[in-house]
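K.L.:
The file below is structure.txt, compact mmCIF, C-alpha atoms:
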```txt
# COMPACT_ATOMS: atom_id res chain seq x y z
CA MET A 1 -27.62 19.04 28.72
CA THR A 2 -27.94 20.96 32.02
CA TRP A 3 -26.44 19.57 35.21
CA PRO A 4 -28.52 19.77 38.36
CA VAL A 5 -27.08 21.96 41.10
CA VAL A 6 -27.29 20.42 44.56
CA PRO A 7 -25.99 21.46 48.00
CA LEU A 8 -22.76 19.72 49.01
CA GLY A 9 -24.44 18.17 52.04
CA ALA A 10 -26.70 16.15 49.73
CA VAL A 11 -23.77 14.37 48.04
CA ALA A 12 -21.03 14.22 50.70
CA ASN A 13 -20.49 13.52 54.37
CA THR A 14 -18.84 16.41 56.23
CA ALA A 15 -17.38 16.61 59.73
CA LEU A 16 -15.28 19.00 61.82
CA GLY A 17 -12.15 17.81 63.56
CA LYS A 18 -11.23 17.47 67.20
CA MET A 19 -11.19 20.57 69.40
CA LEU A 20 -7.87 20.74 71.22
CA ASP A 21 -8.17 20.30 74.98
CA LYS A 22 -5.93 22.82 76.73
CA GLY A 23 -6.83 21.59 80.19
CA LYS A 24 -5.09 19.08 82.40
CA PRO A 25 -3.75 15.97 80.57
CA LYS A 26 -6.11 13.02 80.81
CA GLY A 27 -3.59 10.27 80.19
CA HIS A 28 -4.83 9.30 76.70
CA ALA A 29 -2.40 8.27 74.00
CA HIS A 30 -0.98 11.05 71.84
CA VAL A 31 -1.69 10.86 68.11
CA PRO A 32 -0.43 12.98 65.19
CA TYR A 33 -2.97 15.39 63.71
CA LEU A 34 -3.34 17.81 60.82
CA ARG A 35 -3.84 21.53 61.40
CA ASN A 36 -5.01 24.37 59.18
CA GLU A 37 -1.36 25.19 58.41
CA ASN A 38 -0.74 21.71 57.02
CA VAL A 39 -3.43 22.00 54.36
CA GLN A 40 -2.42 24.05 51.34
CA TRP A 41 -4.05 24.29 47.93
CA GLY A 42 -3.74 20.85 46.37
CA ARG A 43 -1.18 19.47 48.83
CA ILE A 44 -0.80 18.50 52.47
CA ASP A 45 2.47 19.48 54.14
CA THR A 46 3.51 16.80 56.63
CA HIS A 47 6.87 18.30 57.64
CA ASP A 48 5.49 19.84 60.82
CA ILE A 49 2.82 17.60 62.33
CA LEU A 50 1.95 17.99 66.01
CA THR A 51 0.35 15.49 68.38
CA MET A 52 -2.65 15.66 70.71
CA GLU A 53 -4.36 13.45 73.27
CA LEU A 54 -7.16 11.35 71.83
CA ALA A 55 -9.35 8.82 73.61
CA ASP A 56 -9.66 5.37 72.06
CA ASP A 57 -13.40 5.80 71.48
CA GLU A 58 -12.71 9.00 69.45
CA ARG A 59 -10.14 7.53 67.08
CA ASP A 60 -12.61 6.43 64.43
CA ARG A 61 -14.52 9.72 64.53
CA PHE A 62 -11.46 11.89 63.98
CA GLU A 63 -9.45 9.65 61.64
CA VAL A 64 -8.21 10.90 58.30
CA ARG A 65 -8.44 8.24 55.61
CA GLU A 66 -7.09 7.95 52.09
CA GLY A 67 -9.26 9.95 49.69
CA ASP A 68 -10.61 12.35 52.35
CA LEU A 69 -10.78 15.97 51.27
CA LEU A 70 -9.58 18.32 54.04
CA VAL A 71 -10.88 21.89 53.91
CA CYS A 72 -9.81 24.94 55.94
CA GLU A 73 -12.62 26.24 58.12
CA GLY A 74 -10.91 29.55 58.94
CA GLY A 75 -8.25 31.84 57.56
CA GLU A 76 -8.20 31.21 53.81
CA ILE A 77 -11.57 29.49 53.83
CA GLY A 78 -12.00 26.66 51.37
CA ARG A 79 -8.29 25.94 50.95
CA CYS A 80 -8.24 22.20 50.51
CA ALA A 81 -6.30 19.11 49.54
CA ILE A 82 -6.87 15.38 49.23
CA TRP A 83 -5.17 13.09 51.72
CA HIS A 84 -3.43 10.25 49.87
CA GLY A 85 -2.87 8.11 52.95
CA ARG A 86 -0.07 6.57 55.01
CA PRO A 87 0.17 3.47 57.20
CA GLU A 88 0.18 5.36 60.52
CA TYR A 89 -2.96 6.72 62.17
CA LEU A 90 -3.66 10.42 61.58
CA ALA A 91 -6.32 12.70 63.11
CA TYR A 92 -7.39 16.27 62.32
CA GLN A 93 -8.29 19.27 64.45
CA LYS A 94 -11.40 21.43 64.55
CA ALA A 95 -9.92 24.08 62.23
CA LEU A 96 -10.45 21.59 59.38
CA HIS A 97 -13.48 20.06 57.71
CA ARG A 98 -13.22 16.47 56.51
CA ILE A 99 -15.30 15.67 53.45
CA ARG A 100 -16.05 12.17 52.20
CA PRO A 101 -17.89 12.42 48.88
CA SER A 102 -20.58 9.91 47.93
CA ASP A 103 -20.29 7.72 44.84
CA ALA A 104 -21.97 10.54 42.90
CA LEU A 105 -19.09 12.95 43.49
CA GLU A 106 -15.43 12.68 42.46
CA ASN A 107 -13.12 14.05 45.18
CA ARG A 108 -10.79 15.74 42.67
CA TYR A 109 -13.78 17.42 41.04
CA LEU A 110 -14.84 18.76 44.44
CA ARG A 111 -11.32 19.93 45.27
CA TYR A 112 -11.22 22.16 42.16
CA LEU A 113 -14.83 23.24 42.63
CA LEU A 114 -13.98 24.60 46.08
CA GLU A 115 -11.03 26.50 44.64
CA HIS A 116 -13.36 27.97 42.03
CA HIS A 117 -15.84 29.01 44.71
CA ALA A 118 -13.03 30.55 46.77
CA LEU A 119 -11.61 32.56 43.84
CA SER A 120 -15.02 33.71 42.61
CA GLY A 121 -16.09 34.93 46.06
CA ASN A 122 -18.91 32.41 46.48
CA LEU A 123 -17.42 31.04 49.70
CA ALA A 124 -17.08 34.53 51.13
CA THR A 125 -20.86 34.94 50.89
CA LEU A 126 -21.27 31.82 53.03
CA SER A 127 -18.64 32.74 55.62
CA THR A 128 -19.16 34.23 59.06
CA GLY A 129 -17.00 36.48 61.21
CA THR A 130 -15.89 40.07 60.81
CA THR A 131 -12.17 40.03 61.60
CA ILE A 132 -11.32 36.44 60.61
CA ALA A 133 -13.59 34.64 58.15
CA HIS A 134 -14.92 31.20 59.04
CA LEU A 135 -16.87 28.64 57.05
CA PRO A 136 -19.10 26.77 59.52
CA GLN A 137 -20.06 23.20 58.70
CA GLN A 138 -23.70 24.16 58.14
CA GLN A 139 -22.62 26.71 55.54
CA LEU A 140 -20.15 24.30 53.94
CA ARG A 141 -23.03 21.90 53.34
CA ARG A 142 -24.81 24.65 51.40
CA VAL A 143 -21.99 25.02 48.87
CA PRO A 144 -23.54 24.53 45.40
CA VAL A 145 -22.31 21.53 43.42
CA PRO A 146 -23.04 21.34 39.67
CA LEU A 147 -23.56 17.58 39.62
CA ALA A 148 -22.33 16.27 36.30
CA PRO A 149 -22.29 12.47 35.82
CA VAL A 150 -19.25 10.95 37.52
CA GLU A 151 -17.58 10.00 34.24
CA GLU A 152 -18.09 13.57 33.03
CA GLN A 153 -16.59 14.86 36.28
CA ARG A 154 -13.49 12.75 35.71
CA ARG A 155 -13.19 13.94 32.11
CA ILE A 156 -13.49 17.56 33.23
CA VAL A 157 -10.81 17.11 35.89
CA ASP A 158 -8.46 15.41 33.40
CA LEU A 159 -8.88 18.30 30.95
CA LEU A 160 -8.54 20.87 33.70
CA GLU A 161 -5.40 19.31 35.18
CA GLY A 162 -3.81 19.19 31.73
CA HIS A 163 -4.32 22.93 31.27
CA LEU A 164 -3.37 23.77 34.87
CA SER A 165 -0.19 21.68 34.67
CA ARG A 166 1.08 23.79 31.79
CA LEU A 167 0.02 26.97 33.54
CA GLU A 168 1.72 25.95 36.80
CA THR A 169 4.94 25.20 34.90
CA SER A 170 4.82 28.71 33.47
CA GLN A 171 4.05 30.27 36.85
CA SER A 172 6.89 28.32 38.46
CA SER A 173 9.28 29.62 35.80
CA ILE A 174 8.15 33.20 36.52
CA ALA A 175 8.65 32.70 40.27
CA ASN A 176 12.15 31.33 39.67
CA ASN A 177 13.00 34.33 37.48
CA LEU A 178 11.83 36.69 40.23
CA LYS A 179 14.18 34.91 42.65
CA ARG A 180 17.01 35.24 40.12
CA LEU A 181 16.40 38.99 39.91
CA SER A 182 16.76 39.25 43.66
CA SER A 183 19.93 37.14 43.53
CA LEU A 184 21.29 39.36 40.75
CA ARG A 185 20.98 42.44 42.94
CA ASP A 186 22.58 40.63 45.88
CA ALA A 187 25.47 39.60 43.66
CA THR A 188 25.85 43.14 42.31
CA LEU A 189 25.96 44.58 45.83
CA ALA A 190 28.49 41.99 47.00
CA GLU A 191 30.70 42.69 43.97
CA SER A 192 30.42 46.43 44.62
CA VAL A 193 31.52 46.13 48.24
CA ALA A 194 34.41 43.87 47.23
CA GLN A 195 35.51 46.43 44.64
CA ALA A 196 35.37 49.21 47.21
CA LYS A 197 37.41 47.22 49.73
CA SER A 198 40.04 46.30 47.15
CA ASP A 199 40.95 49.92 46.45
CA PRO A 200 44.03 50.82 48.53
CA ARG A 201 42.61 54.30 49.15
CA THR A 202 39.51 52.92 50.89
CA GLU A 203 39.18 53.63 54.59
CA THR A 204 37.05 51.30 56.71
CA ILE A 205 35.07 53.11 59.40
CA THR A 206 32.08 52.22 61.54
CA LEU A 207 28.61 53.61 61.18
CA GLY A 208 28.84 55.09 64.67
CA GLU A 209 31.82 57.21 63.56
CA ILE A 210 29.92 58.99 60.80
CA ALA A 211 26.36 59.05 62.12
CA ARG A 212 24.19 59.66 65.15
CA VAL A 213 22.46 56.35 65.88
CA GLY A 214 19.39 56.15 68.11
CA SER A 215 15.97 54.57 68.40
CA GLY A 216 12.42 55.58 69.23
CA MET A 217 9.81 54.32 71.64
CA THR A 218 6.14 53.42 71.95
CA PRO A 219 4.03 55.88 73.93
CA LEU A 220 1.69 54.22 76.44
CA LYS A 221 -1.04 52.63 74.33
CA GLY A 222 -3.70 53.18 76.99
CA ASN A 223 -3.20 56.97 76.93
CA LYS A 224 -5.52 58.23 74.22
CA SER A 225 -4.01 61.71 74.37
CA PHE A 226 -0.87 60.25 72.82
CA TYR A 227 -2.71 58.91 69.76
CA ASP A 228 -6.21 60.30 69.17
CA GLY A 229 -6.15 62.92 66.44
CA GLY A 230 -2.39 62.61 66.09
CA THR A 231 -0.69 64.11 63.04
CA VAL A 232 2.95 63.29 63.78
CA PRO A 233 4.06 60.27 61.67
CA TRP A 234 5.10 57.27 63.79
CA ILE A 235 7.10 54.63 61.91
CA THR A 236 7.49 51.00 63.01
CA SER A 237 9.83 48.29 61.74
CA GLY A 238 7.02 46.83 59.63
CA ASP A 239 7.00 50.01 57.51
CA LEU A 240 10.60 49.62 56.36
CA HIS A 241 9.74 47.25 53.50
CA GLN A 242 8.74 50.36 51.51
CA GLY A 243 12.40 51.17 50.86
CA VAL A 244 11.71 54.90 50.81
CA ILE A 245 9.17 56.03 53.39
CA ASN A 246 7.06 58.89 52.08
CA THR A 247 3.94 58.31 54.17
CA ALA A 248 2.99 56.85 57.53
CA THR A 249 0.15 54.55 58.51
CA GLN A 250 0.27 55.44 62.23
CA PHE A 251 0.46 58.77 64.00
CA VAL A 252 1.02 60.22 67.48
CA THR A 253 0.14 63.61 68.91
CA GLN A 254 2.35 66.57 69.74
CA HIS A 255 1.42 65.82 73.35
CA ALA A 256 3.23 62.48 73.04
CA LEU A 257 6.36 64.33 71.94
CA ASP A 258 6.11 66.77 74.81
CA GLU A 259 5.43 64.22 77.54
CA THR A 260 7.61 61.24 76.55
CA SER A 261 11.16 60.59 75.37
CA LEU A 262 9.93 60.28 71.79
CA LYS A 263 12.00 62.39 69.39
CA LEU A 264 11.56 63.52 65.79
CA VAL A 265 13.89 61.95 63.24
CA PRO A 266 14.76 64.26 60.31
CA ALA A 267 13.96 63.52 56.71
CA GLY A 268 16.96 61.90 55.03
CA ALA A 269 17.76 59.62 57.94
CA LEU A 270 18.24 55.91 57.32
CA LEU A 271 16.22 53.44 59.37
CA ILE A 272 17.18 49.86 60.22
CA ALA A 273 14.75 47.28 61.62
CA MET A 274 16.32 45.88 64.79
CA TYR A 275 13.64 43.22 65.19
CA GLY A 276 10.52 42.01 63.47
CA GLU A 277 8.92 38.87 62.10
CA GLY A 278 9.90 37.16 58.84
CA LYS A 279 12.40 39.10 56.76
CA THR A 280 11.89 42.43 58.56
CA ARG A 281 14.88 42.35 60.91
CA GLY A 282 17.91 43.95 59.22
CA THR A 283 15.86 45.75 56.55
CA ALA A 284 17.00 49.30 55.77
CA ALA A 285 14.94 52.17 54.42
CA GLU A 286 15.31 55.88 53.76
CA LEU A 287 13.04 58.28 55.63
CA ALA A 288 11.76 60.92 53.21
CA ILE A 289 9.63 62.71 55.83
CA GLU A 290 10.20 64.00 59.33
CA ALA A 291 8.82 61.35 61.68
CA THR A 292 9.07 59.53 64.98
CA THR A 293 9.81 55.81 65.28
CA ASN A 294 9.22 52.98 67.70
CA GLN A 295 11.95 51.15 69.58
CA ALA A 296 12.27 48.51 66.84
CA CYS A 297 13.79 51.05 64.45
CA ALA A 298 17.36 52.29 64.63
CA SER A 299 17.65 55.77 63.15
CA VAL A 300 20.91 56.69 61.40
CA VAL A 301 21.45 60.44 60.91
CA LEU A 302 24.61 60.96 58.87
CA ALA A 303 26.90 63.90 59.60
CA ASP A 304 27.56 64.17 55.84
CA SER A 305 24.31 63.72 53.90
CA THR A 306 26.21 63.15 50.64
CA LEU A 307 27.22 59.75 52.03
CA ARG A 308 23.58 58.61 52.28
CA PRO A 309 23.39 56.68 48.95
CA TRP A 310 26.66 54.91 49.71
CA VAL A 311 25.74 53.97 53.27
CA ARG A 312 22.34 52.75 52.07
CA LEU A 313 24.11 50.49 49.55
CA ILE A 314 26.37 49.12 52.29
CA LEU A 315 23.38 48.43 54.56
CA ASP A 316 21.56 46.61 51.77
CA ALA A 317 24.67 44.57 51.01
CA ASN A 318 25.02 43.64 54.70
CA TYR A 319 21.37 42.58 55.18
CA THR A 320 22.06 38.85 55.58
CA ALA A 321 25.23 39.32 57.65
CA LEU A 322 23.46 41.79 59.92
CA ARG A 323 20.59 39.37 60.55
CA ARG A 324 23.11 36.71 61.60
CA ARG A 325 24.55 39.05 64.23
CA ALA A 326 21.22 39.31 66.04
CA ILE A 327 21.24 38.06 69.61
CA GLY A 328 18.54 36.40 71.72
CA GLY A 329 16.68 33.12 71.78
CA VAL A 330 13.21 32.71 70.28
CA GLN A 331 13.15 36.18 68.67
CA PRO A 332 16.73 37.34 67.98
CA ASN A 333 17.18 41.11 67.90
CA LEU A 334 19.75 43.65 66.84
CA ASN A 335 20.72 46.45 69.19
CA LEU A 336 22.15 49.94 68.84
CA SER A 337 25.69 48.79 69.67
CA LEU A 338 25.58 46.30 66.79
CA VAL A 339 24.22 48.95 64.44
CA ARG A 340 26.94 51.42 65.43
CA SER A 341 29.61 48.78 64.79
CA ILE A 342 28.55 48.13 61.17
CA GLU A 343 31.66 48.61 59.03
CA VAL A 344 31.47 51.02 56.11
CA PRO A 345 34.24 50.74 53.47
CA LEU A 346 34.55 54.43 52.57
CA ALA A 347 35.93 54.26 49.05
CA PRO A 348 37.18 57.42 47.28
CA PRO A 349 34.45 59.59 45.70
CA ASP A 350 35.24 58.50 42.13
CA ILE A 351 34.95 54.81 43.02
CA ARG A 352 31.72 55.41 44.94
CA ALA A 353 30.21 57.30 42.00
CA THR A 354 31.12 54.52 39.56
CA ILE A 355 29.68 51.81 41.77
CA LEU A 356 26.49 53.72 42.59
CA GLY A 357 25.93 54.40 38.89
CA ARG A 358 26.32 50.73 38.01
CA VAL A 359 23.99 49.61 40.79
CA ALA A 360 21.42 52.22 39.73
CA LYS A 361 21.40 50.80 36.18
CA VAL A 362 21.00 47.24 37.49
CA ASP A 363 18.15 48.40 39.75
CA GLU A 364 16.42 50.18 36.87
CA ALA A 365 16.56 47.10 34.68
CA ARG A 366 15.52 44.87 37.57
CA VAL A 367 12.46 47.01 38.34
CA MET A 368 11.36 46.89 34.70
CA LEU A 369 11.84 43.13 34.45
CA ARG A 370 10.16 42.54 37.79
CA GLY A 371 7.16 44.58 36.66
CA SER A 372 6.85 42.47 33.52
CA LEU A 373 7.13 39.22 35.47
CA ILE A 374 4.56 40.28 38.06
CA ALA A 375 2.19 41.30 35.25
CA ALA A 376 2.67 37.83 33.73
CA GLN A 377 1.98 36.28 37.14
CA ARG A 378 -1.27 38.19 37.40
CA ARG A 379 -2.31 37.11 33.92
CA GLY A 380 -1.60 33.52 34.94
CA SER A 381 -3.77 33.89 38.04
CA ALA A 382 -6.57 35.36 35.95
CA LEU A 383 -6.25 32.49 33.47
CA ARG A 384 -6.52 29.97 36.32
CA ARG A 385 -9.72 31.61 37.53
CA SER A 386 -11.05 31.53 33.98
CA LEU A 387 -10.18 27.85 33.52
CA LEU A 388 -11.92 26.91 36.77
CA ALA A 389 -14.99 28.95 35.85
CA ASP A 390 -15.14 27.25 32.43
CA ALA A 391 -14.74 23.81 34.00
CA PHE A 392 -17.79 24.17 36.23
CA SER A 393 -19.95 25.99 33.71
CA GLY A 394 -19.43 23.13 31.25
CA ARG A 395 -17.57 25.25 28.69
CA LEU A 396 -14.25 23.49 29.24
CA ALA A 397 -15.75 20.10 28.43
CA GLY A 398 -17.92 21.40 25.63
CA SER A 399 -21.15 21.23 27.63
CA ALA A 400 -23.98 23.74 27.40
CA THR A 401 -24.37 23.74 31.17
CA GLU A 402 -25.21 27.02 32.83
CA TRP A 403 -25.80 27.66 36.51
CA PRO A 404 -26.05 31.40 37.09
CA HIS A 405 -28.36 30.88 40.05
CA ALA A 406 -26.33 28.18 41.76
CA MET A 407 -26.45 29.78 45.19
CA ASP A 408 -30.26 30.05 45.04
CA ALA A 409 -30.55 26.48 43.83
CA ALA A 410 -28.38 25.20 46.64
CA GLU A 411 -30.41 27.06 49.25
CA THR A 412 -33.64 25.52 48.09
```
Can the structure in the file be given as structure tokens, please?
P.N.:
Amino acid sequence: MTWPVVPLGAVANTALGKMLDKGKPKGHAHVPYLRNENVQWGRIDTHDILTMELADDERDRFEVREGDLLVCEGGEIGRCAIWHGRPEYLAYQKALHRIRPSDALENRYLRYLLEHHALSGNLATLSTGTTIAHLPQQQLRRVPVPLAPVEEQRRIVDLLEGHLSRLETSQSSIANNLKRLSSLRDATLAESVAQAKSDPRTETITLGEIARVGSGMTPLKGNKSFYDGGTVPWITSGDLHQGVINTATQFVTQHALDETSLKLVPAGALLIAMYGEGKTRGTAAELAIEATTNQACASVVLADSTLRPWVRLILDANYTALRRRAIGGVQPNLNLSLVRSIEVPLAPPDIRATILGRVAKVDEARVMLRGSLIAAQRRGSALRRSLLADAFSGRLAGSATEWPHAMDAAET
């Protein structure tokens, strides 16, 4: 039996949410509403819900009801989840589509179908925009729906969720093991520092006593002569996640070096992110090339290069503590004085060698295990794509359905 393929607009009602009014308040009551960020794959996060003004005559139009499927119009297009309801009124903004399937379409079936279309690239062919993809409502209504009988849709979803539940349990276990690997390294570093400090021969000094600490700058962006055709590597705090920096993604010209206070930092220097979004601030990396940096990077040039592995270990061990020392309000930052004051327990050479050797072995094993876990994660993602493809081709439920020309069918 072959299922007919119909455009979504033929079997569901779709609507875009309320556009936020950034003008002068109009005195309407404020209501809670869902944003793009609240809608994740298969779940709606209600921990951070904002409010907006909404006129009484708009409440029905922009209400989210139990069973509605909410779909992201921009960003990760097609990301969707079913709203399971609550007593209080809830609206939704324009960044979301609200879909109310007809009796011919099961909302769970549609939720997984949209994920399949997103993973297979079908939604990308319907999107608009060059920098940020968008899925306009007109295009959403063109999404092809293999319309199995409703009871068959429910059977397919039950089978699919059974398989996906086991897969998600496996993927969750892998994710937890990856976190444990990170915790293992943190614990190893903490133990190493404690061992170094416990040796009576250890001398505690500050980073400023054994290194030249400075920072870079950003040449005037509007001056093309500072950037166009540049060949001098220019490192920013966002590059420090590499651990060891062998290449640059941004460059400045020799003219920028000649005309500004920008200075070259030698290969072998350590860099510390003084500010940056997410986990960037406090991250340390080793510079393997001669380069310049922006003002968000503290450069640490050690007087004794043999101390580099040890100081790098200390910086890694102090990542969390260093982040806590940041100052400022909305975006806390480190500064050069804080960096210079970082304490380095300078253990005797034999102790340092023992500790560095042990940490190196832990890192080697961790890298191998992490590679295996990430490979397993990727296999799990591929299996999910395969399960979704089988579900909507009919293979999962034992159907002979085929719809290789679904996009053409939906268009006509």
K.L.:
I need the residue nearest Ser182 in chain A from this list: A:Gly78, A:Val367, A:Val11, A:Asp239. Use only C-alpha atoms for the distance.
P.N.:
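Distance minimum relative to Ser182 in chain A lands on A:Val367.
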K.L.:
Tell me, counting only C-alpha atoms, for each residue of range 269-341 of chain A within 12 Å of range 355-364 of chain A, which pair of atoms is nearest and how far apart they are in Å to one decimal, in rows ordered by chain and increasing number, as a Markdown table.
P.N.:
```
| residue | atom | partner | partner_atom | distance |
| --- | --- | --- | --- | --- |
| A:Leu307 | CA | A:Leu356 | CA | 11.2 |
| A:Arg308 | CA | A:Leu356 | CA | 11.2 |
| A:Pro309 | CA | A:Leu356 | CA | 7.7 |
| A:Trp310 | CA | A:Leu356 | CA | 7.2 |
| A:Val311 | CA | A:Leu356 | CA | 10.7 |
| A:Arg312 | CA | A:Leu356 | CA | 10.4 |
| A:Leu313 | CA | A:Leu356 | CA | 8.0 |
| A:Ile314 | CA | A:Leu356 | CA | 10.7 |
| A:Asp316 | CA | A:Val359 | CA | 11.6 |
| A:Ala317 | CA | A:Val359 | CA | 11.4 |
```
K.L.:
Taking into account all atoms listed in the file, which residue in the set A:Leu336, A:Glu73, A:Leu369, A:Asp158 is nearest to Thr128 in chain A?
P.N.:
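Of A:Leu336, A:Glu73, A:Leu369, A:Asp158, the one nearest Thr128 in chain A, counting all atoms listed in the file, is A:Glu73.
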K.L.:
Select, from A:Val344, A:Ile205, A:Phe392, A:Arg65, the residue with the minimum atom-to-atom distance to Pro4 in chain A, counting all atoms listed in the file.
P.N.:
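Under the stated criterion, the closest residue is A:Phe392.
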K.L.:
Dump as a Markdown table the rows for residues of range 153-228 of chain A within 10 Å of range 233-236 of chain A: closest atom pair and distance in Å with one decimal, only C-alpha atoms counted, ordered by chain and rising residue number.
P.N.:
```
| residue | atom | partner | partner_atom | distance |
| --- | --- | --- | --- | --- |
| A:Gly216 | CA | A:Ile235 | CA | 9.1 |
| A:Met217 | CA | A:Thr236 | CA | 9.5 |
| A:Thr218 | CA | A:Trp234 | CA | 9.1 |
| A:Tyr227 | CA | A:Trp234 | CA | 10.0 |
```
K.L.:
Skip Ala391 in chain A itself and residues of its chain fewer than 3 positions away, then list as a VMD selection string all residues within 10 Å of it, counting all atoms listed in the file.
P.N.:
chain A and resid 109 112 to 113 116 153 156 to 157 159 to 160 385 to 388 394 to 399
K.L.:
Create the file for the chosen residues now, containing C-alpha atoms and written as a compact mmCIF listing (two decimals), keeping the file's coordinate frame.
P.N.:
```txt
# COMPACT_ATOMS: atom_id res chain seq x y z
CA TYR A 109 -13.78 17.42 41.04
CA TYR A 112 -11.22 22.16 42.16
CA LEU A 113 -14.83 23.24 42.63
CA HIS A 116 -13.36 27.97 42.03
CA GLN A 153 -16.59 14.86 36.28
CA ILE A 156 -13.49 17.56 33.23
CA VAL A 157 -10.81 17.11 35.89
CA LEU A 159 -8.88 18.30 30.95
CA LEU A 160 -8.54 20.87 33.70
CA ARG A 385 -9.72 31.61 37.53
CA SER A 386 -11.05 31.53 33.98
CA LEU A 387 -10.18 27.85 33.52
CA LEU A 388 -11.92 26.91 36.77
CA GLY A 394 -19.43 23.13 31.25
CA ARG A 395 -17.57 25.25 28.69
CA LEU A 396 -14.25 23.49 29.24
CA ALA A 397 -15.75 20.10 28.43
CA GLY A 398 -17.92 21.40 25.63
CA SER A 399 -21.15 21.23 27.63
```
K.L.:
Which residues are close to Leu271 in chain A, i.e. within 7 Å by all atoms listed in the file, leaving aside same-chain residues fewer than 3 positions away? Reply as a list of chain:residue names.
P.N.:
A:Ala284, A:Ala285, A:Glu286, A:Leu287, A:Cys297, A:Ala298, A:Ser299, A:Val300
K.L.:
Tell me, as a ChimeraX atom specification, which residues lie within 8 Å of Leu114 in chain A, counting all atoms listed in the file; anything in the same chain fewer than 3 positions away does not count.
P.N.:
/A:78-80,110-111,117-118
K.L.:
Between CA of Gln377 in chain A and CA of Glu168 in chain A, what is the spacing in Å?
P.N.:
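Interatomic distance, CA of Glu168 in chain A to CA of Gln377 in chain A: 10.3 Å.
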K.L.:
Looking at only C-alpha atoms, which of A:Gly74, A:Pro266, A:Gly328, A:Gly17 is the one that sits closest to Leu34 in chain A?
P.N.:
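Looking only at the distances to Leu34 in chain A, the closest residue turns out to be A:Gly17.
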K.L.:
Give me the residues near Thr14 in chain A as number ranges by chain, where near means some atom within 9 Å (using only C-alpha atoms) and where sequence neighbours in that chain fewer than 4 positions away do not count.
P.N.:
A: 8-9, 97-101, 137, 140-141
K.L.:
Report, in Å to a single decimal, how far apart CA of Leu69 in chain A and CA of Leu119 in chain A are.
P.N.:
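A separation of 18.2 Å between them.
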K.L.:
Select all residues near (37.9, 52.2, 53.3) (cut-off 7 Å, inclusive, file coordinates), counting all atoms listed in the file, and output them as a list in words.
P.N.:
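So the residues meeting the distance criterion are Lys197, Arg201, Thr202, Glu203, Thr204, Ile205, Pro345, Leu346 and Ala347 of chain A.
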